[in-house]
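Structure file structure19.pdb (PDB, C-alpha atoms, pLDDT in the B column) follows.
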ATOM      1  CA  MET A   1       0.294  -9.426  -2.127  1.00 46.00           C
ATOM      2  CA  SER A   2      -2.532 -10.308   0.233  1.00 51.00           C
ATOM      3  CA  PRO A   3      -5.846  -8.498  -0.245  1.00 54.00           C
ATOM      4  CA  HIS A   4      -5.162  -6.334   2.833  1.00 74.00           C
ATOM      5  CA  SER A   5      -1.477  -5.594   2.462  1.00 90.00           C
ATOM      6  CA  PRO A   6      -0.518  -2.299   0.818  1.00 97.00           C
ATOM      7  CA  PHE A   7       0.659  -2.027  -2.761  1.00 97.00           C
ATOM      8  CA  MET A   8       4.363  -1.209  -2.429  1.00 98.00           C
ATOM      9  CA  ILE A   9       6.253   0.912  -4.929  1.00 98.00           C
ATOM     10  CA  GLY A  10      10.003   1.492  -4.945  1.00 98.00           C
ATOM     11  CA  VAL A  11      11.344   4.616  -6.651  1.00 98.00           C
ATOM     12  CA  ALA A  12      15.110   4.646  -7.205  1.00 98.00           C
ATOM     13  CA  GLY A  13      17.661   6.644  -9.168  1.00 97.00           C
ATOM     14  CA  GLY A  14      20.806   8.646  -8.686  1.00 95.00           C
ATOM     15  CA  THR A  15      21.226  11.735  -6.567  1.00 95.00           C
ATOM     16  CA  CYS A  16      18.895  14.553  -7.694  1.00 94.00           C
ATOM     17  CA  SER A  17      17.440  12.438 -10.505  1.00 96.00           C
ATOM     18  CA  GLY A  18      13.848  13.394  -9.687  1.00 94.00           C
ATOM     19  CA  LYS A  19      12.880  10.540  -7.333  1.00 96.00           C
ATOM     20  CA  THR A  20      11.334  12.864  -4.778  1.00 93.00           C
ATOM     21  CA  THR A  21       9.454  14.836  -7.424  1.00 93.00           C
ATOM     22  CA  VAL A  22       7.934  11.666  -8.896  1.00 95.00           C
ATOM     23  CA  SER A  23       7.114  10.231  -5.457  1.00 96.00           C
ATOM     24  CA  GLU A  24       5.544  13.429  -4.170  1.00 94.00           C
ATOM     25  CA  ARG A  25       3.504  13.721  -7.361  1.00 95.00           C
ATOM     26  CA  LEU A  26       2.189  10.186  -6.799  1.00 94.00           C
ATOM     27  CA  ALA A  27       1.325  11.174  -3.225  1.00 94.00           C
ATOM     28  CA  ASP A  28      -0.492  14.292  -4.446  1.00 95.00           C
ATOM     29  CA  LEU A  29      -2.475  12.294  -7.000  1.00 95.00           C
ATOM     30  CA  ALA A  30      -3.428   9.497  -4.596  1.00 95.00           C
ATOM     31  CA  GLY A  31      -3.882  11.658  -1.495  1.00 93.00           C
ATOM     32  CA  VAL A  32      -2.236  11.248   1.895  1.00 85.00           C
ATOM     33  CA  GLU A  33      -5.078   9.073   3.147  1.00 91.00           C
ATOM     34  CA  ARG A  34      -4.275   6.494   0.438  1.00 96.00           C
ATOM     35  CA  LEU A  35      -0.486   6.777   0.051  1.00 97.00           C
ATOM     36  CA  ALA A  36       2.275   6.640   2.661  1.00 97.00           C
ATOM     37  CA  LEU A  37       5.580   8.075   1.419  1.00 97.00           C
ATOM     38  CA  ILE A  38       8.837   6.953   2.983  1.00 97.00           C
ATOM     39  CA  LYS A  39      12.123   8.572   2.025  1.00 97.00           C
ATOM     40  CA  LEU A  40      15.175   6.366   2.376  1.00 98.00           C
ATOM     41  CA  ASP A  41      17.123   9.437   3.548  1.00 95.00           C
ATOM     42  CA  SER A  42      15.182   9.199   6.820  1.00 97.00           C
ATOM     43  CA  TYR A  43      16.926   5.888   7.494  1.00 98.00           C
ATOM     44  CA  TYR A  44      20.564   6.938   7.441  1.00 97.00           C
ATOM     45  CA  VAL A  45      22.374   5.230  10.294  1.00 96.00           C
ATOM     46  CA  SER A  46      22.891   7.428  13.317  1.00 93.00           C
ATOM     47  CA  LEU A  47      26.387   8.837  13.525  1.00 94.00           C
ATOM     48  CA  SER A  48      25.828  10.900  16.659  1.00 93.00           C
ATOM     49  CA  HIS A  49      28.825   9.191  18.281  1.00 94.00           C
ATOM     50  CA  LEU A  50      31.145  10.828  15.717  1.00 95.00           C
ATOM     51  CA  PRO A  51      32.285  14.455  15.609  1.00 95.00           C
ATOM     52  CA  ILE A  52      30.591  16.479  12.867  1.00 92.00           C
ATOM     53  CA  GLU A  53      33.842  16.604  10.859  1.00 92.00           C
ATOM     54  CA  GLU A  54      33.845  12.780  10.669  1.00 94.00           C
ATOM     55  CA  ARG A  55      30.134  12.660   9.824  1.00 94.00           C
ATOM     56  CA  ALA A  56      30.755  15.081   6.947  1.00 88.00           C
ATOM     57  CA  LYS A  57      33.307  12.647   5.454  1.00 90.00           C
ATOM     58  CA  PHE A  58      31.029   9.582   5.684  1.00 94.00           C
ATOM     59  CA  ASN A  59      29.909   7.938   2.422  1.00 95.00           C
ATOM     60  CA  TYR A  60      26.143   8.490   2.458  1.00 95.00           C
ATOM     61  CA  ASP A  61      25.749   6.840  -0.952  1.00 95.00           C
ATOM     62  CA  HIS A  62      26.995   3.414   0.175  1.00 97.00           C
ATOM     63  CA  PRO A  63      24.585   0.627   1.194  1.00 97.00           C
ATOM     64  CA  ASN A  64      26.145   0.570   4.688  1.00 96.00           C
ATOM     65  CA  ALA A  65      24.904   4.132   5.245  1.00 97.00           C
ATOM     66  CA  PHE A  66      21.339   2.947   5.820  1.00 97.00           C
ATOM     67  CA  ASP A  67      19.515   1.317   8.716  1.00 97.00           C
ATOM     68  CA  TRP A  68      17.943  -1.471   6.644  1.00 97.00           C
ATOM     69  CA  PRO A  69      16.597  -3.418   9.661  1.00 97.00           C
ATOM     70  CA  LEU A  70      14.678  -0.374  10.936  1.00 98.00           C
ATOM     71  CA  LEU A  71      13.221   0.344   7.491  1.00 98.00           C
ATOM     72  CA  SER A  72      12.205  -3.311   7.137  1.00 97.00           C
ATOM     73  CA  ALA A  73      10.562  -3.298  10.557  1.00 98.00           C
ATOM     74  CA  HIS A  74       8.641  -0.142   9.633  1.00 98.00           C
ATOM     75  CA  LEU A  75       7.449  -1.673   6.353  1.00 98.00           C
ATOM     76  CA  ASP A  76       6.307  -4.752   8.295  1.00 97.00           C
ATOM     77  CA  LEU A  77       4.263  -2.530  10.603  1.00 97.00           C
ATOM     78  CA  LEU A  78       2.728  -0.601   7.711  1.00 97.00           C
ATOM     79  CA  ALA A  79       1.836  -3.922   6.039  1.00 96.00           C
ATOM     80  CA  MET A  80       0.015  -4.900   9.253  1.00 96.00           C
ATOM     81  CA  GLY A  81      -1.901  -1.631   9.267  1.00 95.00           C
ATOM     82  CA  GLN A  82       0.141   0.020  12.029  1.00 97.00           C
ATOM     83  CA  PRO A  83       1.573   3.560  12.052  1.00 97.00           C
ATOM     84  CA  VAL A  84       5.353   3.988  12.174  1.00 98.00           C
ATOM     85  CA  PRO A  85       7.661   6.604  13.756  1.00 98.00           C
ATOM     86  CA  VAL A  86       9.816   7.647  10.784  1.00 98.00           C
ATOM     87  CA  PRO A  87      13.112   9.230  11.864  1.00 97.00           C
ATOM     88  CA  ILE A  88      13.755  12.826  10.871  1.00 97.00           C
ATOM     89  CA  TYR A  89      17.173  13.385   9.343  1.00 95.00           C
ATOM     90  CA  ASP A  90      18.915  16.771   9.433  1.00 93.00           C
ATOM     91  CA  PHE A  91      21.367  17.204   6.559  1.00 89.00           C
ATOM     92  CA  THR A  92      22.952  20.270   8.155  1.00 88.00           C
ATOM     93  CA  ILE A  93      24.293  18.177  11.056  1.00 91.00           C
ATOM     94  CA  TYR A  94      24.680  14.907   9.146  1.00 91.00           C
ATOM     95  CA  ASP A  95      22.522  12.995  11.608  1.00 94.00           C
ATOM     96  CA  ARG A  96      19.053  12.054  12.738  1.00 93.00           C
ATOM     97  CA  THR A  97      17.256  14.365  15.095  1.00 94.00           C
ATOM     98  CA  THR A  98      15.521  13.115  18.231  1.00 94.00           C
ATOM     99  CA  GLU A  99      12.161  13.780  16.581  1.00 96.00           C
ATOM    100  CA  VAL A 100      10.066  11.411  14.469  1.00 97.00           C
ATOM    101  CA  ARG A 101       7.200  11.832  12.017  1.00 97.00           C
ATOM    102  CA  MET A 102       4.294   9.495  12.629  1.00 97.00           C
ATOM    103  CA  LEU A 103       3.299   7.905   9.332  1.00 97.00           C
ATOM    104  CA  PRO A 104      -0.121   6.263   9.227  1.00 96.00           C
ATOM    105  CA  PRO A 105      -0.681   3.083   7.224  1.00 96.00           C
ATOM    106  CA  ALA A 106      -2.112   3.451   3.735  1.00 97.00           C
ATOM    107  CA  ARG A 107      -3.282   1.341   0.828  1.00 97.00           C
ATOM    108  CA  ILE A 108      -0.188   2.354  -1.171  1.00 97.00           C
ATOM    109  CA  VAL A 109       3.326   2.644   0.264  1.00 98.00           C
ATOM    110  CA  VAL A 110       6.035   4.402  -1.758  1.00 98.00           C
ATOM    111  CA  VAL A 111       9.668   4.085  -0.709  1.00 98.00           C
ATOM    112  CA  GLU A 112      11.988   6.442  -2.559  1.00 98.00           C
ATOM    113  CA  GLY A 113      15.741   6.648  -2.404  1.00 98.00           C
ATOM    114  CA  ILE A 114      18.990   6.075  -4.203  1.00 97.00           C
ATOM    115  CA  LEU A 115      19.387   2.443  -3.146  1.00 98.00           C
ATOM    116  CA  VAL A 116      15.847   1.087  -2.798  1.00 97.00           C
ATOM    117  CA  LEU A 117      16.390  -1.278  -5.733  1.00 98.00           C
ATOM    118  CA  TYR A 118      19.874  -2.293  -4.603  1.00 97.00           C
ATOM    119  CA  GLU A 119      19.002  -4.011  -1.323  1.00 92.00           C
ATOM    120  CA  PRO A 120      17.529  -7.454  -2.298  1.00 95.00           C
ATOM    121  CA  ALA A 121      15.275  -7.880   0.750  1.00 93.00           C
ATOM    122  CA  LEU A 122      13.781  -4.429   0.215  1.00 95.00           C
ATOM    123  CA  ARG A 123      13.534  -4.804  -3.560  1.00 96.00           C
ATOM    124  CA  ASP A 124      11.611  -8.069  -3.203  1.00 96.00           C
ATOM    125  CA  ARG A 125       8.887  -6.284  -1.223  1.00 97.00           C
ATOM    126  CA  PHE A 126       7.903  -3.991  -4.094  1.00 98.00           C
ATOM    127  CA  ASP A 127       4.962  -4.700  -6.347  1.00 98.00           C
ATOM    128  CA  LEU A 128       6.246  -2.023  -8.731  1.00 98.00           C
ATOM    129  CA  LYS A 129       9.839  -0.873  -9.137  1.00 98.00           C
ATOM    130  CA  LEU A 130      10.642   2.455 -10.828  1.00 98.00           C
ATOM    131  CA  TYR A 131      14.025   3.896 -11.737  1.00 98.00           C
ATOM    132  CA  ILE A 132      14.415   7.579 -12.595  1.00 97.00           C
ATOM    133  CA  ASP A 133      17.223   7.799 -15.151  1.00 96.00           C
ATOM    134  CA  THR A 134      18.680  11.303 -15.446  1.00 94.00           C
ATOM    135  CA  ASP A 135      21.946  12.373 -17.045  1.00 94.00           C
ATOM    136  CA  ALA A 136      24.865  12.749 -14.628  1.00 94.00           C
ATOM    137  CA  ASP A 137      25.591  16.366 -15.538  1.00 95.00           C
ATOM    138  CA  LEU A 138      22.027  17.432 -14.798  1.00 94.00           C
ATOM    139  CA  ARG A 139      22.004  15.474 -11.512  1.00 94.00           C
ATOM    140  CA  PHE A 140      25.270  17.135 -10.445  1.00 95.00           C
ATOM    141  CA  ILE A 141      24.003  20.645 -11.245  1.00 95.00           C
ATOM    142  CA  ARG A 142      20.775  20.001  -9.307  1.00 94.00           C
ATOM    143  CA  ARG A 143      22.768  18.648  -6.354  1.00 90.00           C
ATOM    144  CA  LEU A 144      25.091  21.639  -6.350  1.00 95.00           C
ATOM    145  CA  GLN A 145      22.153  24.055  -6.339  1.00 96.00           C
ATOM    146  CA  ARG A 146      20.198  22.117  -3.693  1.00 91.00           C
ATOM    147  CA  ASP A 147      23.070  21.520  -1.294  1.00 89.00           C
ATOM    148  CA  VAL A 148      24.173  25.163  -1.346  1.00 93.00           C
ATOM    149  CA  ALA A 149      20.612  26.472  -0.925  1.00 92.00           C
ATOM    150  CA  GLU A 150      19.163  23.911   1.493  1.00 90.00           C
ATOM    151  CA  ARG A 151      22.004  22.156   3.268  1.00 86.00           C
ATOM    152  CA  GLY A 152      24.535  24.878   3.977  1.00 85.00           C
ATOM    153  CA  ARG A 153      27.278  23.259   1.906  1.00 89.00           C
ATOM    154  CA  THR A 154      29.986  25.035  -0.065  1.00 92.00           C
ATOM    155  CA  PRO A 155      30.518  24.354  -3.766  1.00 94.00           C
ATOM    156  CA  ASP A 156      34.001  22.982  -3.008  1.00 95.00           C
ATOM    157  CA  SER A 157      32.641  20.545  -0.402  1.00 91.00           C
ATOM    158  CA  ILE A 158      29.906  19.391  -2.800  1.00 92.00           C
ATOM    159  CA  ILE A 159      32.393  18.800  -5.600  1.00 94.00           C
ATOM    160  CA  ALA A 160      34.746  16.902  -3.286  1.00 92.00           C
ATOM    161  CA  GLN A 161      31.932  14.710  -1.941  1.00 91.00           C
ATOM    162  CA  TYR A 162      30.635  14.076  -5.455  1.00 93.00           C
ATOM    163  CA  LEU A 163      34.042  12.942  -6.713  1.00 94.00           C
ATOM    164  CA  GLU A 164      35.019  10.964  -3.597  1.00 94.00           C
ATOM    165  CA  SER A 165      31.804   9.108  -2.818  1.00 94.00           C
ATOM    166  CA  VAL A 166      28.668  10.119  -4.757  1.00 94.00           C
ATOM    167  CA  ARG A 167      29.908   9.328  -8.265  1.00 96.00           C
ATOM    168  CA  PRO A 168      31.817   6.116  -7.381  1.00 96.00           C
ATOM    169  CA  SER A 169      28.857   4.793  -5.343  1.00 96.00           C
ATOM    170  CA  HIS A 170      26.469   5.663  -8.158  1.00 97.00           C
ATOM    171  CA  GLU A 171      28.558   3.656 -10.606  1.00 97.00           C
ATOM    172  CA  GLN A 172      29.051   0.723  -8.217  1.00 97.00           C
ATOM    173  CA  PHE A 173      25.641   0.400  -6.549  1.00 98.00           C
ATOM    174  CA  ILE A 174      22.914   2.705  -7.866  1.00 97.00           C
ATOM    175  CA  GLU A 175      23.232   2.555 -11.662  1.00 97.00           C
ATOM    176  CA  PRO A 176      23.483  -1.268 -11.707  1.00 97.00           C
ATOM    177  CA  SER A 177      20.251  -1.500  -9.673  1.00 97.00           C
ATOM    178  CA  LYS A 178      18.405  -0.078 -12.688  1.00 97.00           C
ATOM    179  CA  ARG A 179      18.249  -3.605 -14.139  1.00 98.00           C
ATOM    180  CA  TYR A 180      15.711  -4.561 -11.451  1.00 98.00           C
ATOM    181  CA  ALA A 181      13.245  -1.806 -12.416  1.00 98.00           C
ATOM    182  CA  ASP A 182       9.901  -2.636 -13.960  1.00 98.00           C
ATOM    183  CA  VAL A 183       9.764   0.870 -15.445  1.00 97.00           C
ATOM    184  CA  ILE A 184      12.623   3.225 -16.269  1.00 96.00           C
ATOM    185  CA  PHE A 185      11.801   6.910 -16.697  1.00 92.00           C
ATOM    186  CA  PRO A 186      11.956   8.736 -19.011  1.00 85.00           C
ATOM    187  CA  ARG A 187      11.895   5.675 -21.306  1.00 56.00           C
TER     188      ARG A 187
END
I need this file expressed as structure tokens, please.
Amino acid sequence: MSPHSPFMIGVAGGTCSGKTTVSERLADLAGVERLALIKLDSYYVSLSHLPIEERAKFNYDHPNAFDWPLLSAHLDLLAMGQPVPVPIYDFTIYDRTTEVRMLPPARIVVVEGILVLYEPALRDRFDLKLYIDTDADLRFIRRLQRDVAERGRTPDSIIAQYLESVRPSHEQFIEPSKRYADVIFPR
């Protein structure tokens, strides 16, 4: 890390493990003028060319679901002290909106998301890598509650998505990325 480049932290873990809670707490403690928080969910690939029924069936827990080049370009800009236009993702329509959130550079950059320790090029950028390890049953219950309350999903659709893509992707991609963490919570 050069003396002027930001200290980069990656926060990973399964769906509803507490990644956002930990990351937002870090942001609260450091202050927005010192910490820039990027959520990997903002970098889902655009699926606007597909009908909403097809977007709903997409595997959002697979590495191919993310726009890694755009995230990398944004991290490059933040490292150079430039602001970045972070996409705004709308979970109710399974796609990015046309709006962006301007994120100013900061001394600390936190990137949180399910696969931030999976992607080697992204993982190598982090000065500190955290993994939030939460039992699967608790993560599923949290996801069920959140997706019904905040994302307009039905319990049946949440269960189907969990069994068809969330759980298999967790076992194949997310859980194995834990081995790259410097710190595993709660241990």
Test item: the PyMOL selection byres ((chain A and resi 75) around 10) resolved as a PDB file with C-alpha atoms, in the frame of the given file:
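out.pdb, written as the output of this step:
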ATOM      1  CA  PRO A   6      -0.518  -2.299   0.818  1.00 97.00           C
ATOM      2  CA  MET A   8       4.363  -1.209  -2.429  1.00 98.00           C
ATOM      3  CA  ILE A  38       8.837   6.953   2.983  1.00 97.00           C
ATOM      4  CA  PRO A  69      16.597  -3.418   9.661  1.00 97.00           C
ATOM      5  CA  LEU A  70      14.678  -0.374  10.936  1.00 98.00           C
ATOM      6  CA  LEU A  71      13.221   0.344   7.491  1.00 98.00           C
ATOM      7  CA  SER A  72      12.205  -3.311   7.137  1.00 97.00           C
ATOM      8  CA  ALA A  73      10.562  -3.298  10.557  1.00 98.00           C
ATOM      9  CA  HIS A  74       8.641  -0.142   9.633  1.00 98.00           C
ATOM     10  CA  ASP A  76       6.307  -4.752   8.295  1.00 97.00           C
ATOM     11  CA  LEU A  77       4.263  -2.530  10.603  1.00 97.00           C
ATOM     12  CA  LEU A  78       2.728  -0.601   7.711  1.00 97.00           C
ATOM     13  CA  ALA A  79       1.836  -3.922   6.039  1.00 96.00           C
ATOM     14  CA  MET A  80       0.015  -4.900   9.253  1.00 96.00           C
ATOM     15  CA  GLY A  81      -1.901  -1.631   9.267  1.00 95.00           C
ATOM     16  CA  GLN A  82       0.141   0.020  12.029  1.00 97.00           C
ATOM     17  CA  PRO A  83       1.573   3.560  12.052  1.00 97.00           C
ATOM     18  CA  VAL A  84       5.353   3.988  12.174  1.00 98.00           C
ATOM     19  CA  PRO A 105      -0.681   3.083   7.224  1.00 96.00           C
ATOM     20  CA  VAL A 109       3.326   2.644   0.264  1.00 98.00           C
ATOM     21  CA  VAL A 111       9.668   4.085  -0.709  1.00 98.00           C
ATOM     22  CA  LEU A 122      13.781  -4.429   0.215  1.00 95.00           C
ATOM     23  CA  ARG A 125       8.887  -6.284  -1.223  1.00 97.00           C
TER      24      ARG A 125
END
query = Do you have the atom CA of Thr15 of chain A-atom CA of Val45 of chain A distance handy?
reply =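 Rounded to one decimal, the two atoms are 18.1 Å apart.
Distances to Leu37 of chain A were evaluated for A:Ile132, A:Val86, A:Asp61, A:Gly13 using all atoms listed in the file, and the minimum falls at A:Val86.
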ask   = Counting all atoms listed in the file, what is within 9 Å of Lys178 of chain A, bar same-chain residues fewer than 3 positions away, as a PyMOL selection string?
value = chain A and resi 12-13+117-118+130-133+174-175+181-182+184
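Checking A:His49, A:Val100, A:Gln161, A:Arg55 one by one against Asp147 of chain A, counting all atoms listed in the file, you find the shortest gap at A:Gln161.
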task = For each of A:Ile158, A:Met102, A:Leu128, A:Ile114, take the minimum atom-to-atom distance to Ile141 of chain A, counting all atoms listed in the file, then give the residue where this is smallest.
result =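 Looking at the shortest contact to Ile141 of chain A, the residue is A:Ile158.
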query = How far is it from atom CA of Pro168 of chain A to atom CA of Lys129 of chain A, in Å with one decimal?
reply =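 According to the coordinates, atom CA of Pro168 of chain A and atom CA of Lys129 of chain A are separated by 23.1 Å.
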request  = Determine the residue set returned by the PyMOL selection byres ((chain A and resi 24-27) around 12) for the present structure, and present it as a VMD selection string.
outcome  = chain A and resid 9 to 11 18 to 23 28 to 39 106 to 112
Explicit residue set for the PyMOL selection byres ((chain A and resi 136) around 10), as a ChimeraX atom specification = /A:14-17,133-135,137-142,167,170
Please write the residues from the selection above to a file, keeping C-alpha atoms, as a PDB file, in the coordinates of the input.
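Written file, again-v8.pdb:
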ATOM      1  CA  GLY A  14      20.806   8.646  -8.686  1.00 95.00           C
ATOM      2  CA  THR A  15      21.226  11.735  -6.567  1.00 95.00           C
ATOM      3  CA  CYS A  16      18.895  14.553  -7.694  1.00 94.00           C
ATOM      4  CA  SER A  17      17.440  12.438 -10.505  1.00 96.00           C
ATOM      5  CA  ASP A 133      17.223   7.799 -15.151  1.00 96.00           C
ATOM      6  CA  THR A 134      18.680  11.303 -15.446  1.00 94.00           C
ATOM      7  CA  ASP A 135      21.946  12.373 -17.045  1.00 94.00           C
ATOM      8  CA  ASP A 137      25.591  16.366 -15.538  1.00 95.00           C
ATOM      9  CA  LEU A 138      22.027  17.432 -14.798  1.00 94.00           C
ATOM     10  CA  ARG A 139      22.004  15.474 -11.512  1.00 94.00           C
ATOM     11  CA  PHE A 140      25.270  17.135 -10.445  1.00 95.00           C
ATOM     12  CA  ILE A 141      24.003  20.645 -11.245  1.00 95.00           C
ATOM     13  CA  ARG A 142      20.775  20.001  -9.307  1.00 94.00           C
ATOM     14  CA  ARG A 167      29.908   9.328  -8.265  1.00 96.00           C
ATOM     15  CA  HIS A 170      26.469   5.663  -8.158  1.00 97.00           C
TER      16      HIS A 170
END
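Using all atoms listed in the file, the smallest distance between any of A:Pro176, A:Pro51, A:Pro186, A:Pro155 and Ile93 of chain A comes from A:Pro51.
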query = What is the distance, in Å and to one decimal place, between atom CA of Ala121 of chain A and atom CA of Trp68 of chain A?
reply = 9.1 Å
message = Considering only C-alpha atoms, can you say which of A:Ala149, A:Ala65, A:Ile159, A:Leu144 comes closest to Thr92 of chain A?
response = A:Ala149
Enclose all atoms of segment 140-155 of chain A listed in the file in an axis-aligned box, grow every side by 6 Å, and hand back centre and edge lengths in Å to one decimal, as JSON.
{"center_x": 24.8, "center_y": 21.8, "center_z": -3.6, "size_x": 23.4, "size_y": 21.3, "size_z": 27.2}
Export of segment 102-119 of chain A: N, CA, C and O atoms, as a CSV table (one decimal), in the first residue's frame:
chain,number,residue,atom,x,y,z
A,102,MET,N,-23.0,9.0,-6.1
A,102,MET,CA,-21.6,9.4,-6.1
A,102,MET,C,-20.9,9.1,-4.8
A,102,MET,O,-21.4,9.6,-3.7
A,103,LEU,N,-19.8,8.4,-4.9
A,103,LEU,CA,-19.1,8.0,-3.7
A,103,LEU,C,-17.7,8.7,-3.7
A,103,LEU,O,-16.9,8.5,-4.6
A,104,PRO,N,-17.5,9.6,-2.7
A,104,PRO,CA,-16.2,10.3,-2.7
A,104,PRO,C,-15.1,9.4,-2.2
A,104,PRO,O,-15.3,8.4,-1.5
A,105,PRO,N,-13.8,9.7,-2.6
A,105,PRO,CA,-12.7,8.9,-2.1
A,105,PRO,C,-12.6,9.1,-0.6
A,105,PRO,O,-13.0,10.0,0.0
A,106,ALA,N,-11.9,8.1,0.1
A,106,ALA,CA,-11.7,8.1,1.5
A,106,ALA,C,-10.4,7.4,1.8
A,106,ALA,O,-9.9,6.6,1.0
A,107,ARG,N,-10.0,7.6,3.0
A,107,ARG,CA,-8.8,7.0,3.5
A,107,ARG,C,-8.9,5.4,3.7
A,107,ARG,O,-8.0,4.7,3.6
A,108,ILE,N,-10.2,5.0,4.0
A,108,ILE,CA,-10.5,3.6,4.1
A,108,ILE,C,-11.6,3.3,3.1
A,108,ILE,O,-12.6,4.0,3.0
A,109,VAL,N,-11.4,2.2,2.4
A,109,VAL,CA,-12.5,1.7,1.5
A,109,VAL,C,-12.9,0.3,2.0
A,109,VAL,O,-12.0,-0.6,2.1
A,110,VAL,N,-14.2,0.1,2.2
A,110,VAL,CA,-14.7,-1.2,2.6
A,110,VAL,C,-15.6,-1.7,1.4
A,110,VAL,O,-16.4,-1.0,1.0
A,111,VAL,N,-15.3,-2.9,1.0
A,111,VAL,CA,-16.1,-3.6,0.0
A,111,VAL,C,-16.7,-4.8,0.6
A,111,VAL,O,-16.0,-5.7,1.2
A,112,GLU,N,-18.1,-4.8,0.7
A,112,GLU,CA,-18.8,-5.9,1.3
A,112,GLU,C,-19.6,-6.6,0.4
A,112,GLU,O,-20.3,-6.0,-0.5
A,113,GLY,N,-19.6,-8.0,0.5
A,113,GLY,CA,-20.5,-8.8,-0.4
A,113,GLY,C,-20.2,-10.2,-0.3
A,113,GLY,O,-19.1,-10.6,0.2
A,114,ILE,N,-21.1,-11.1,-0.8
A,114,ILE,CA,-20.9,-12.5,-0.7
A,114,ILE,C,-19.6,-13.0,-1.3
A,114,ILE,O,-19.1,-14.0,-0.8
A,115,LEU,N,-19.2,-12.5,-2.4
A,115,LEU,CA,-18.1,-13.0,-3.1
A,115,LEU,C,-16.8,-12.2,-3.2
A,115,LEU,O,-16.0,-12.4,-4.0
A,116,VAL,N,-16.7,-11.2,-2.2
A,116,VAL,CA,-15.5,-10.3,-2.3
A,116,VAL,C,-14.2,-11.1,-2.0
A,116,VAL,O,-13.1,-10.6,-2.4
A,117,LEU,N,-14.2,-12.2,-1.4
A,117,LEU,CA,-13.0,-13.0,-1.2
A,117,LEU,C,-12.8,-14.1,-2.2
A,117,LEU,O,-11.8,-14.8,-2.2
A,118,TYR,N,-13.8,-14.3,-3.0
A,118,TYR,CA,-13.7,-15.3,-4.0
A,118,TYR,C,-12.9,-14.9,-5.3
A,118,TYR,O,-12.1,-15.6,-5.7
A,119,GLU,N,-13.2,-13.7,-5.7
A,119,GLU,CA,-12.6,-13.2,-7.0
A,119,GLU,C,-11.1,-12.8,-6.7
A,119,GLU,O,-10.8,-11.9,-5.9
